[in-house]
Amino acid sequence: MKHRAVIIGVLGLCLAVSGTLQAQDSSPMQGIVDQWQTHFNNGDYEAAASLYTADAVRHPPAAPTVSGYDEIMASLQVNAGATIELALGGSEMAGDMLSSWGTYEIYAESADGLGLVQSGPWMNIAKRGEDGTWKITRDIWNRQQP
């Protein structure tokens, strides 16, 4: 009986710590998602591109892969005037790597006003640098078919 109480107590402690770690794990990516969305929607593509590592790679749908700051910034500028809504679905941390996923919706002006032009799932990997900051190192997204 005494052993059961100890085991139950240890399991409860593990679950409590696990819940705390999971809540903390998603916070670095939520910050990156919020910053990326704000910079993109404000047309500050330089700031959005600065959220990537120097050797980052983006894999856009139906387009060539882009890598490095200059190519990433240029690929962001192609969507000038559009706005994006990002939702973080979840993330998992392993050491200094953080994989995350969610959904996106891109809106742009048309003759009918602001309309949805693209949506789908996204996934990326962020890396914690020596200074403790997180930056995106791999980024991929897919368009949902209408």
# chains A, B, ... in the order shown; residues from 1 in each chain; ligands from 1
>>> select_by_dssp(residues="stretch 4-130 of chain A", states="strand (DSSP E or B)", output="MDAnalysis selection string")
chainID A and resid 52:59 66:67 83:94 97:110 113:128
>>> write_last_selection(atoms="N, CA and C atoms", output="compact mmCIF listing (two decimals), in the first residue's frame")
# COMPACT_ATOMS: atom_id res chain seq x y z
N TYR A 52 14.73 34.35 -39.27
CA TYR A 52 15.29 33.11 -39.80
C TYR A 52 16.79 33.06 -39.52
N THR A 53 17.33 31.84 -39.41
CA THR A 53 18.78 31.67 -39.29
C THR A 53 19.43 32.06 -40.61
N ALA A 54 20.74 32.31 -40.59
CA ALA A 54 21.47 32.70 -41.80
C ALA A 54 21.40 31.62 -42.87
N ASP A 55 21.29 30.35 -42.47
CA ASP A 55 21.25 29.24 -43.43
C ASP A 55 19.84 28.65 -43.57
N ALA A 56 18.83 29.42 -43.23
CA ALA A 56 17.44 28.94 -43.28
C ALA A 56 17.03 28.58 -44.70
N VAL A 57 16.07 27.66 -44.78
CA VAL A 57 15.52 27.22 -46.06
C VAL A 57 14.01 27.26 -45.96
N ARG A 58 13.36 27.86 -47.00
CA ARG A 58 11.90 27.88 -47.10
C ARG A 58 11.49 27.05 -48.30
N HIS A 59 10.43 26.26 -48.12
CA HIS A 59 9.91 25.41 -49.18
C HIS A 59 8.48 25.83 -49.51
N VAL A 66 13.85 28.51 -51.44
CA VAL A 66 14.68 29.69 -51.24
C VAL A 66 15.48 29.52 -49.95
N SER A 67 16.67 30.12 -49.93
CA SER A 67 17.49 30.00 -48.73
C SER A 67 18.30 31.27 -48.52
N THR A 83 -2.20 40.27 -46.33
CA THR A 83 -2.12 40.06 -44.89
C THR A 83 -2.27 38.57 -44.61
N ILE A 84 -1.73 38.14 -43.49
CA ILE A 84 -1.75 36.73 -43.15
C ILE A 84 -2.28 36.55 -41.73
N GLU A 85 -3.00 35.48 -41.54
CA GLU A 85 -3.46 35.07 -40.21
C GLU A 85 -2.82 33.71 -39.94
N LEU A 86 -1.99 33.63 -38.92
CA LEU A 86 -1.33 32.38 -38.55
C LEU A 86 -1.92 31.83 -37.27
N ALA A 87 -2.12 30.54 -37.22
CA ALA A 87 -2.56 29.87 -36.01
C ALA A 87 -1.55 28.78 -35.68
N LEU A 88 -1.05 28.80 -34.46
CA LEU A 88 -0.12 27.78 -33.99
C LEU A 88 -0.94 26.60 -33.48
N GLY A 89 -0.76 25.44 -34.11
CA GLY A 89 -1.50 24.25 -33.70
C GLY A 89 -0.80 23.50 -32.58
N GLY A 90 0.52 23.52 -32.59
CA GLY A 90 1.28 22.82 -31.56
C GLY A 90 2.76 22.89 -31.85
N SER A 91 3.54 22.41 -30.90
CA SER A 91 4.99 22.38 -31.07
C SER A 91 5.59 21.35 -30.14
N GLU A 92 6.77 20.89 -30.51
CA GLU A 92 7.52 19.93 -29.69
C GLU A 92 8.97 20.37 -29.66
N MET A 93 9.56 20.32 -28.47
CA MET A 93 10.94 20.73 -28.30
C MET A 93 11.81 19.52 -28.02
N ALA A 94 12.99 19.50 -28.63
CA ALA A 94 14.00 18.48 -28.36
C ALA A 94 15.34 19.20 -28.30
N MET A 97 16.17 22.36 -30.57
CA MET A 97 15.34 22.35 -31.78
C MET A 97 13.87 22.36 -31.36
N LEU A 98 13.07 23.08 -32.14
CA LEU A 98 11.66 23.22 -31.84
C LEU A 98 10.88 23.06 -33.14
N SER A 99 10.09 21.99 -33.25
CA SER A 99 9.25 21.82 -34.44
C SER A 99 7.85 22.31 -34.10
N SER A 100 7.22 22.99 -35.04
CA SER A 100 5.91 23.57 -34.82
C SER A 100 5.07 23.44 -36.07
N TRP A 101 3.76 23.50 -35.88
CA TRP A 101 2.83 23.38 -36.99
C TRP A 101 1.58 24.17 -36.70
N GLY A 102 0.85 24.46 -37.76
CA GLY A 102 -0.39 25.21 -37.61
C GLY A 102 -1.06 25.41 -38.96
N THR A 103 -1.87 26.45 -39.04
CA THR A 103 -2.57 26.77 -40.27
C THR A 103 -2.38 28.25 -40.59
N TYR A 104 -2.60 28.59 -41.86
CA TYR A 104 -2.47 29.98 -42.28
C TYR A 104 -3.61 30.33 -43.24
N GLU A 105 -3.89 31.62 -43.31
CA GLU A 105 -4.82 32.17 -44.30
C GLU A 105 -4.22 33.47 -44.80
N ILE A 106 -4.14 33.64 -46.12
CA ILE A 106 -3.62 34.87 -46.72
C ILE A 106 -4.79 35.60 -47.37
N TYR A 107 -4.88 36.89 -47.07
CA TYR A 107 -5.93 37.75 -47.62
C TYR A 107 -5.30 38.83 -48.48
N ALA A 108 -5.98 39.20 -49.56
CA ALA A 108 -5.49 40.27 -50.43
C ALA A 108 -6.68 41.06 -50.95
N GLU A 109 -6.38 42.31 -51.33
CA GLU A 109 -7.41 43.17 -51.91
C GLU A 109 -7.79 42.68 -53.30
N SER A 110 -9.07 42.75 -53.59
CA SER A 110 -9.56 42.44 -54.92
C SER A 110 -10.66 43.44 -55.25
N GLY A 113 -13.15 43.63 -52.56
CA GLY A 113 -12.68 43.94 -51.21
C GLY A 113 -11.60 42.95 -50.80
N LEU A 114 -11.41 42.82 -49.50
CA LEU A 114 -10.40 41.92 -48.96
C LEU A 114 -10.93 40.50 -49.01
N GLY A 115 -10.19 39.60 -49.66
CA GLY A 115 -10.67 38.23 -49.79
C GLY A 115 -9.58 37.21 -49.52
N LEU A 116 -10.01 36.03 -49.12
CA LEU A 116 -9.10 34.92 -48.88
C LEU A 116 -8.55 34.44 -50.21
N VAL A 117 -7.22 34.40 -50.34
CA VAL A 117 -6.61 33.95 -51.58
C VAL A 117 -5.85 32.64 -51.43
N GLN A 118 -5.51 32.28 -50.20
CA GLN A 118 -4.77 31.04 -49.99
C GLN A 118 -4.88 30.63 -48.53
N SER A 119 -4.91 29.33 -48.29
CA SER A 119 -4.92 28.82 -46.92
C SER A 119 -4.36 27.41 -46.93
N GLY A 120 -3.97 26.95 -45.75
CA GLY A 120 -3.47 25.59 -45.64
C GLY A 120 -2.67 25.39 -44.37
N PRO A 121 -1.98 24.26 -44.29
CA PRO A 121 -1.15 23.96 -43.12
C PRO A 121 0.29 24.44 -43.32
N TRP A 122 0.97 24.70 -42.22
CA TRP A 122 2.39 25.04 -42.25
C TRP A 122 3.12 24.24 -41.19
N MET A 123 4.42 24.11 -41.38
CA MET A 123 5.26 23.45 -40.38
C MET A 123 6.64 24.07 -40.48
N ASN A 124 7.29 24.27 -39.33
CA ASN A 124 8.66 24.75 -39.38
C ASN A 124 9.47 24.21 -38.22
N ILE A 125 10.76 24.41 -38.34
CA ILE A 125 11.71 24.01 -37.30
C ILE A 125 12.49 25.25 -36.92
N ALA A 126 12.57 25.50 -35.64
CA ALA A 126 13.37 26.62 -35.13
C ALA A 126 14.54 26.05 -34.34
N LYS A 127 15.59 26.84 -34.30
CA LYS A 127 16.81 26.45 -33.58
C LYS A 127 17.15 27.54 -32.57
N ARG A 128 17.54 27.11 -31.37
CA ARG A 128 17.97 28.08 -30.35
C ARG A 128 19.45 28.38 -30.58
>>> residues_around(residues="A:Gln35", least_positions_apart="3", cutoff="9 Å", atoms="only C-alpha atoms", output="NGL selection string")
:A and (30-32 or 38-40 or 47-48 or 51)
>>> select_by_dssp(residues="chain A", states="helix (DSSP H, G or I)", output="tab-separated table (two decimals) with N, CA, C and O atoms, in the first residue's frame")
chain	number	residue	atom	x	y	z
A	2	LYS	N	1.93	1.21	0.82
A	2	LYS	CA	2.82	2.35	0.92
A	2	LYS	C	3.51	2.61	-0.43
A	2	LYS	O	3.69	3.74	-0.84
A	3	HIS	N	3.88	1.50	-1.12
A	3	HIS	CA	4.54	1.64	-2.41
A	3	HIS	C	3.61	2.25	-3.45
A	3	HIS	O	4.03	3.05	-4.27
A	4	ARG	N	2.32	1.87	-3.40
A	4	ARG	CA	1.34	2.44	-4.34
A	4	ARG	C	1.22	3.95	-4.14
A	4	ARG	O	1.14	4.70	-5.10
A	5	ALA	N	1.20	4.37	-2.90
A	5	ALA	CA	1.09	5.80	-2.62
A	5	ALA	C	2.30	6.55	-3.17
A	5	ALA	O	2.17	7.63	-3.73
A	6	VAL	N	3.48	5.97	-3.02
A	6	VAL	CA	4.69	6.60	-3.52
A	6	VAL	C	4.66	6.64	-5.05
A	6	VAL	O	4.96	7.66	-5.67
A	7	ILE	N	4.28	5.54	-5.68
A	7	ILE	CA	4.21	5.48	-7.14
A	7	ILE	C	3.19	6.48	-7.66
A	7	ILE	O	3.47	7.22	-8.61
A	8	ILE	N	2.03	6.53	-7.05
A	8	ILE	CA	1.00	7.48	-7.48
A	8	ILE	C	1.50	8.92	-7.29
A	8	ILE	O	1.30	9.77	-8.15
A	9	GLY	N	2.17	9.17	-6.17
A	9	GLY	CA	2.72	10.50	-5.93
A	9	GLY	C	3.76	10.88	-6.97
A	9	GLY	O	3.77	12.00	-7.48
A	10	VAL	N	4.66	9.95	-7.32
A	10	VAL	CA	5.69	10.21	-8.31
A	10	VAL	C	5.05	10.44	-9.68
A	10	VAL	O	5.43	11.35	-10.42
A	11	LEU	N	4.05	9.60	-10.04
A	11	LEU	CA	3.36	9.78	-11.32
A	11	LEU	C	2.67	11.14	-11.38
A	11	LEU	O	2.72	11.82	-12.39
A	12	GLY	N	2.04	11.53	-10.29
A	12	GLY	CA	1.38	12.83	-10.25
A	12	GLY	C	2.37	13.97	-10.43
A	12	GLY	O	2.13	14.92	-11.17
A	13	LEU	N	3.53	13.86	-9.80
A	13	LEU	CA	4.57	14.87	-9.93
A	13	LEU	C	5.08	14.92	-11.36
A	13	LEU	O	5.27	15.99	-11.94
A	14	CYS	N	5.29	13.74	-11.98
A	14	CYS	CA	5.75	13.69	-13.37
A	14	CYS	C	4.74	14.35	-14.30
A	14	CYS	O	5.11	15.11	-15.19
A	15	LEU	N	3.47	14.08	-14.10
A	15	LEU	CA	2.43	14.69	-14.93
A	15	LEU	C	2.40	16.19	-14.74
A	15	LEU	O	2.24	16.95	-15.70
A	16	ALA	N	2.54	16.64	-13.52
A	16	ALA	CA	2.52	18.08	-13.24
A	16	ALA	C	3.70	18.76	-13.92
A	16	ALA	O	3.56	19.80	-14.56
A	17	VAL	N	4.90	18.16	-13.80
A	17	VAL	CA	6.09	18.73	-14.43
A	17	VAL	C	5.94	18.67	-15.95
A	17	VAL	O	6.25	19.62	-16.66
A	18	SER	N	5.43	17.56	-16.48
A	18	SER	CA	5.23	17.42	-17.91
A	18	SER	C	4.30	18.50	-18.43
A	18	SER	O	4.56	19.11	-19.46
A	19	GLY	N	3.22	18.76	-17.76
A	19	GLY	CA	2.29	19.81	-18.17
A	19	GLY	C	2.95	21.17	-18.18
A	19	GLY	O	2.75	21.96	-19.09
A	20	THR	N	3.78	21.43	-17.19
A	20	THR	CA	4.49	22.70	-17.12
A	20	THR	C	5.47	22.83	-18.28
A	20	THR	O	5.53	23.87	-18.92
A	21	LEU	N	6.21	21.77	-18.58
A	21	LEU	CA	7.17	21.82	-19.67
A	21	LEU	C	6.47	22.01	-21.01
A	21	LEU	O	6.94	22.76	-21.85
A	22	GLN	N	5.35	21.33	-21.21
A	22	GLN	CA	4.65	21.48	-22.48
A	22	GLN	C	4.16	22.92	-22.64
A	22	GLN	O	4.23	23.48	-23.72
A	23	ALA	N	3.67	23.53	-21.60
A	23	ALA	CA	3.20	24.91	-21.69
A	23	ALA	C	4.36	25.84	-22.03
A	23	ALA	O	4.23	26.75	-22.83
A	24	GLN	N	5.54	25.58	-21.43
A	24	GLN	CA	6.69	26.43	-21.72
A	24	GLN	C	7.23	26.17	-23.13
A	24	GLN	O	7.69	27.08	-23.78
A	25	ASP	N	7.15	24.92	-23.59
A	25	ASP	CA	7.69	24.57	-24.90
A	25	ASP	C	7.05	25.36	-26.02
A	25	ASP	O	7.71	25.73	-26.96
A	26	SER	N	5.76	25.61	-25.96
A	26	SER	CA	5.09	26.28	-27.06
A	26	SER	C	5.32	27.79	-27.05
A	26	SER	O	5.13	28.44	-28.06
A	27	SER	N	5.74	28.35	-25.94
A	27	SER	CA	5.87	29.80	-25.87
A	27	SER	C	6.93	30.39	-26.80
A	27	SER	O	6.69	31.44	-27.38
A	28	PRO	N	8.10	29.75	-27.02
A	28	PRO	CA	9.05	30.36	-27.96
A	28	PRO	C	8.44	30.48	-29.36
A	28	PRO	O	8.61	31.50	-30.02
A	29	MET	N	7.75	29.45	-29.82
A	29	MET	CA	7.19	29.51	-31.17
A	29	MET	C	6.02	30.47	-31.24
A	29	MET	O	5.85	31.15	-32.25
A	30	GLN	N	5.22	30.57	-30.20
A	30	GLN	CA	4.12	31.53	-30.25
A	30	GLN	C	4.66	32.95	-30.41
A	30	GLN	O	4.13	33.74	-31.18
A	31	GLY	N	5.77	33.23	-29.76
A	31	GLY	CA	6.41	34.53	-29.91
A	31	GLY	C	6.89	34.76	-31.34
A	31	GLY	O	6.70	35.84	-31.90
A	32	ILE	N	7.51	33.74	-31.94
A	32	ILE	CA	7.99	33.87	-33.32
A	32	ILE	C	6.80	34.04	-34.26
A	32	ILE	O	6.83	34.89	-35.16
A	33	VAL	N	5.75	33.25	-34.07
A	33	VAL	CA	4.56	33.34	-34.93
A	33	VAL	C	3.96	34.74	-34.84
A	33	VAL	O	3.64	35.36	-35.86
A	34	ASP	N	3.82	35.25	-33.63
A	34	ASP	CA	3.24	36.59	-33.45
A	34	ASP	C	4.10	37.66	-34.11
A	34	ASP	O	3.59	38.56	-34.79
A	35	GLN	N	5.42	37.58	-33.91
A	35	GLN	CA	6.33	38.56	-34.52
A	35	GLN	C	6.30	38.47	-36.04
A	35	GLN	O	6.22	39.49	-36.73
A	36	TRP	N	6.37	37.25	-36.56
A	36	TRP	CA	6.39	37.05	-38.01
A	36	TRP	C	5.12	37.63	-38.63
A	36	TRP	O	5.18	38.36	-39.61
A	37	GLN	N	3.97	37.32	-38.05
A	37	GLN	CA	2.69	37.82	-38.57
A	37	GLN	C	2.64	39.34	-38.53
A	37	GLN	O	2.24	39.98	-39.50
A	38	THR	N	3.06	39.94	-37.43
A	38	THR	CA	3.05	41.40	-37.30
A	38	THR	C	3.96	42.05	-38.34
A	38	THR	O	3.55	42.99	-39.03
A	39	HIS	N	5.19	41.55	-38.46
A	39	HIS	CA	6.14	42.12	-39.44
A	39	HIS	C	5.60	41.98	-40.86
A	39	HIS	O	5.64	42.93	-41.64
A	40	PHE	N	5.10	40.80	-41.20
A	40	PHE	CA	4.58	40.57	-42.55
A	40	PHE	C	3.40	41.50	-42.84
A	40	PHE	O	3.36	42.15	-43.87
A	41	ASN	N	2.45	41.55	-41.92
A	41	ASN	CA	1.26	42.37	-42.14
A	41	ASN	C	1.57	43.86	-42.19
A	41	ASN	O	0.84	44.63	-42.82
A	45	TYR	N	9.35	43.36	-44.28
A	45	TYR	CA	9.88	42.07	-44.69
A	45	TYR	C	11.30	41.84	-44.20
A	45	TYR	O	11.71	40.71	-44.01
A	46	GLU	N	12.04	42.93	-43.98
A	46	GLU	CA	13.38	42.80	-43.41
A	46	GLU	C	13.30	42.21	-42.01
A	46	GLU	O	14.07	41.32	-41.65
A	47	ALA	N	12.38	42.72	-41.20
A	47	ALA	CA	12.22	42.21	-39.83
A	47	ALA	C	11.71	40.77	-39.85
A	47	ALA	O	12.17	39.95	-39.04
A	48	ALA	N	10.80	40.46	-40.76
A	48	ALA	CA	10.31	39.07	-40.86
A	48	ALA	C	11.45	38.14	-41.25
A	48	ALA	O	11.61	37.05	-40.67
A	49	ALA	N	12.28	38.55	-42.22
A	49	ALA	CA	13.40	37.72	-42.65
A	49	ALA	C	14.44	37.56	-41.54
A	49	ALA	O	15.14	36.55	-41.49
A	68	GLY	N	18.62	31.53	-47.27
A	68	GLY	CA	19.40	32.71	-46.92
A	68	GLY	C	18.54	33.95	-46.82
A	68	GLY	O	17.43	34.01	-47.35
A	69	TYR	N	19.06	34.93	-46.12
A	69	TYR	CA	18.32	36.16	-45.81
A	69	TYR	C	17.78	36.86	-47.05
A	69	TYR	O	16.60	37.20	-47.12
A	70	ASP	N	18.63	37.10	-48.06
A	70	ASP	CA	18.21	37.86	-49.24
A	70	ASP	C	17.09	37.18	-50.01
A	70	ASP	O	16.10	37.81	-50.39
A	71	GLU	N	17.23	35.87	-50.25
A	71	GLU	CA	16.19	35.14	-50.97
A	71	GLU	C	14.89	35.07	-50.16
A	71	GLU	O	13.81	35.18	-50.73
A	72	ILE	N	15.02	34.88	-48.86
A	72	ILE	CA	13.82	34.82	-48.03
A	72	ILE	C	13.10	36.16	-48.03
A	72	ILE	O	11.88	36.23	-48.20
A	73	MET	N	13.84	37.24	-47.88
A	73	MET	CA	13.21	38.56	-47.89
A	73	MET	C	12.53	38.83	-49.24
A	73	MET	O	11.41	39.32	-49.29
A	74	ALA	N	13.19	38.48	-50.33
A	74	ALA	CA	12.61	38.68	-51.66
A	74	ALA	C	11.33	37.85	-51.82
A	74	ALA	O	10.34	38.33	-52.39
A	75	SER	N	11.33	36.64	-51.28
A	75	SER	CA	10.13	35.80	-51.40
A	75	SER	C	8.98	36.35	-50.57
A	75	SER	O	7.81	36.19	-50.95
A	76	LEU	N	9.28	37.02	-49.48
A	76	LEU	CA	8.23	37.64	-48.67
A	76	LEU	C	7.66	38.86	-49.37
A	76	LEU	O	6.46	39.11	-49.35
A	77	GLN	N	8.52	39.64	-50.02
A	77	GLN	CA	8.10	40.87	-50.69
A	77	GLN	C	7.16	40.60	-51.87
A	77	GLN	O	6.40	41.49	-52.25
>>> atom_distance(atom1="atom CA of A:Asp112", atom2="atom CA of A:Gln144")
21.8 Å
>>> decode(residues="stretch 22-115 of chain A", atoms="C-alpha atoms", output="compact mmCIF listing (two decimals), in the first residue's frame")
# COMPACT_ATOMS: atom_id res chain seq x y z
CA GLN A 22 4.65 21.48 -22.48
CA ALA A 23 3.20 24.91 -21.69
CA GLN A 24 6.69 26.43 -21.72
CA ASP A 25 7.69 24.57 -24.90
CA SER A 26 5.09 26.28 -27.06
CA SER A 27 5.87 29.80 -25.87
CA PRO A 28 9.05 30.36 -27.96
CA MET A 29 7.19 29.51 -31.17
CA GLN A 30 4.12 31.53 -30.25
CA GLY A 31 6.41 34.53 -29.91
CA ILE A 32 7.99 33.87 -33.32
CA VAL A 33 4.56 33.34 -34.93
CA ASP A 34 3.24 36.59 -33.45
CA GLN A 35 6.33 38.56 -34.52
CA TRP A 36 6.39 37.05 -38.01
CA GLN A 37 2.69 37.82 -38.57
CA THR A 38 3.05 41.40 -37.30
CA HIS A 39 6.14 42.12 -39.44
CA PHE A 40 4.58 40.57 -42.55
CA ASN A 41 1.26 42.37 -42.14
CA ASN A 42 3.08 45.68 -41.59
CA GLY A 43 5.15 45.14 -44.75
CA ASP A 44 8.37 44.96 -42.73
CA TYR A 45 9.88 42.07 -44.69
CA GLU A 46 13.38 42.80 -43.41
CA ALA A 47 12.22 42.21 -39.83
CA ALA A 48 10.31 39.07 -40.86
CA ALA A 49 13.40 37.72 -42.65
CA SER A 50 15.51 38.43 -39.55
CA LEU A 51 13.48 35.77 -37.70
CA TYR A 52 15.29 33.11 -39.80
CA THR A 53 18.78 31.67 -39.29
CA ALA A 54 21.47 32.70 -41.80
CA ASP A 55 21.25 29.24 -43.43
CA ALA A 56 17.44 28.94 -43.28
CA VAL A 57 15.52 27.22 -46.06
CA ARG A 58 11.90 27.88 -47.10
CA HIS A 59 9.91 25.41 -49.18
CA PRO A 60 6.96 27.26 -50.75
CA PRO A 61 4.25 25.30 -52.57
CA ALA A 62 4.66 25.03 -56.35
CA ALA A 63 7.77 27.25 -56.31
CA PRO A 64 11.54 26.85 -56.01
CA THR A 65 13.13 26.49 -52.59
CA VAL A 66 14.68 29.69 -51.24
CA SER A 67 17.49 30.00 -48.73
CA GLY A 68 19.40 32.71 -46.92
CA TYR A 69 18.32 36.16 -45.81
CA ASP A 70 18.21 37.86 -49.24
CA GLU A 71 16.19 35.14 -50.97
CA ILE A 72 13.82 34.82 -48.03
CA MET A 73 13.21 38.56 -47.89
CA ALA A 74 12.61 38.68 -51.66
CA SER A 75 10.13 35.80 -51.40
CA LEU A 76 8.23 37.64 -48.67
CA GLN A 77 8.10 40.87 -50.69
CA VAL A 78 6.31 39.06 -53.54
CA ASN A 79 3.21 39.14 -51.32
CA ALA A 80 3.35 42.89 -50.64
CA GLY A 81 -0.05 44.23 -49.64
CA ALA A 82 -1.38 40.86 -48.52
CA THR A 83 -2.12 40.06 -44.89
CA ILE A 84 -1.75 36.73 -43.15
CA GLU A 85 -3.46 35.07 -40.21
CA LEU A 86 -1.33 32.38 -38.55
CA ALA A 87 -2.56 29.87 -36.01
CA LEU A 88 -0.12 27.78 -33.99
CA GLY A 89 -1.50 24.25 -33.70
CA GLY A 90 1.28 22.82 -31.56
CA SER A 91 4.99 22.38 -31.07
CA GLU A 92 7.52 19.93 -29.69
CA MET A 93 10.94 20.73 -28.30
CA ALA A 94 14.00 18.48 -28.36
CA GLY A 95 17.06 20.18 -26.94
CA ASP A 96 17.83 23.26 -29.02
CA MET A 97 15.34 22.35 -31.78
CA LEU A 98 11.66 23.22 -31.84
CA SER A 99 9.25 21.82 -34.44
CA SER A 100 5.91 23.57 -34.82
CA TRP A 101 2.83 23.38 -36.99
CA GLY A 102 -0.39 25.21 -37.61
CA THR A 103 -2.57 26.77 -40.27
CA TYR A 104 -2.47 29.98 -42.28
CA GLU A 105 -4.82 32.17 -44.30
CA ILE A 106 -3.62 34.87 -46.72
CA TYR A 107 -5.93 37.75 -47.62
CA ALA A 108 -5.49 40.27 -50.43
CA GLU A 109 -7.41 43.17 -51.91
CA SER A 110 -9.56 42.44 -54.92
CA ALA A 111 -12.35 44.21 -56.79
CA ASP A 112 -14.73 42.75 -54.19
CA GLY A 113 -12.68 43.94 -51.21
CA LEU A 114 -10.40 41.92 -48.96
CA GLY A 115 -10.67 38.23 -49.79
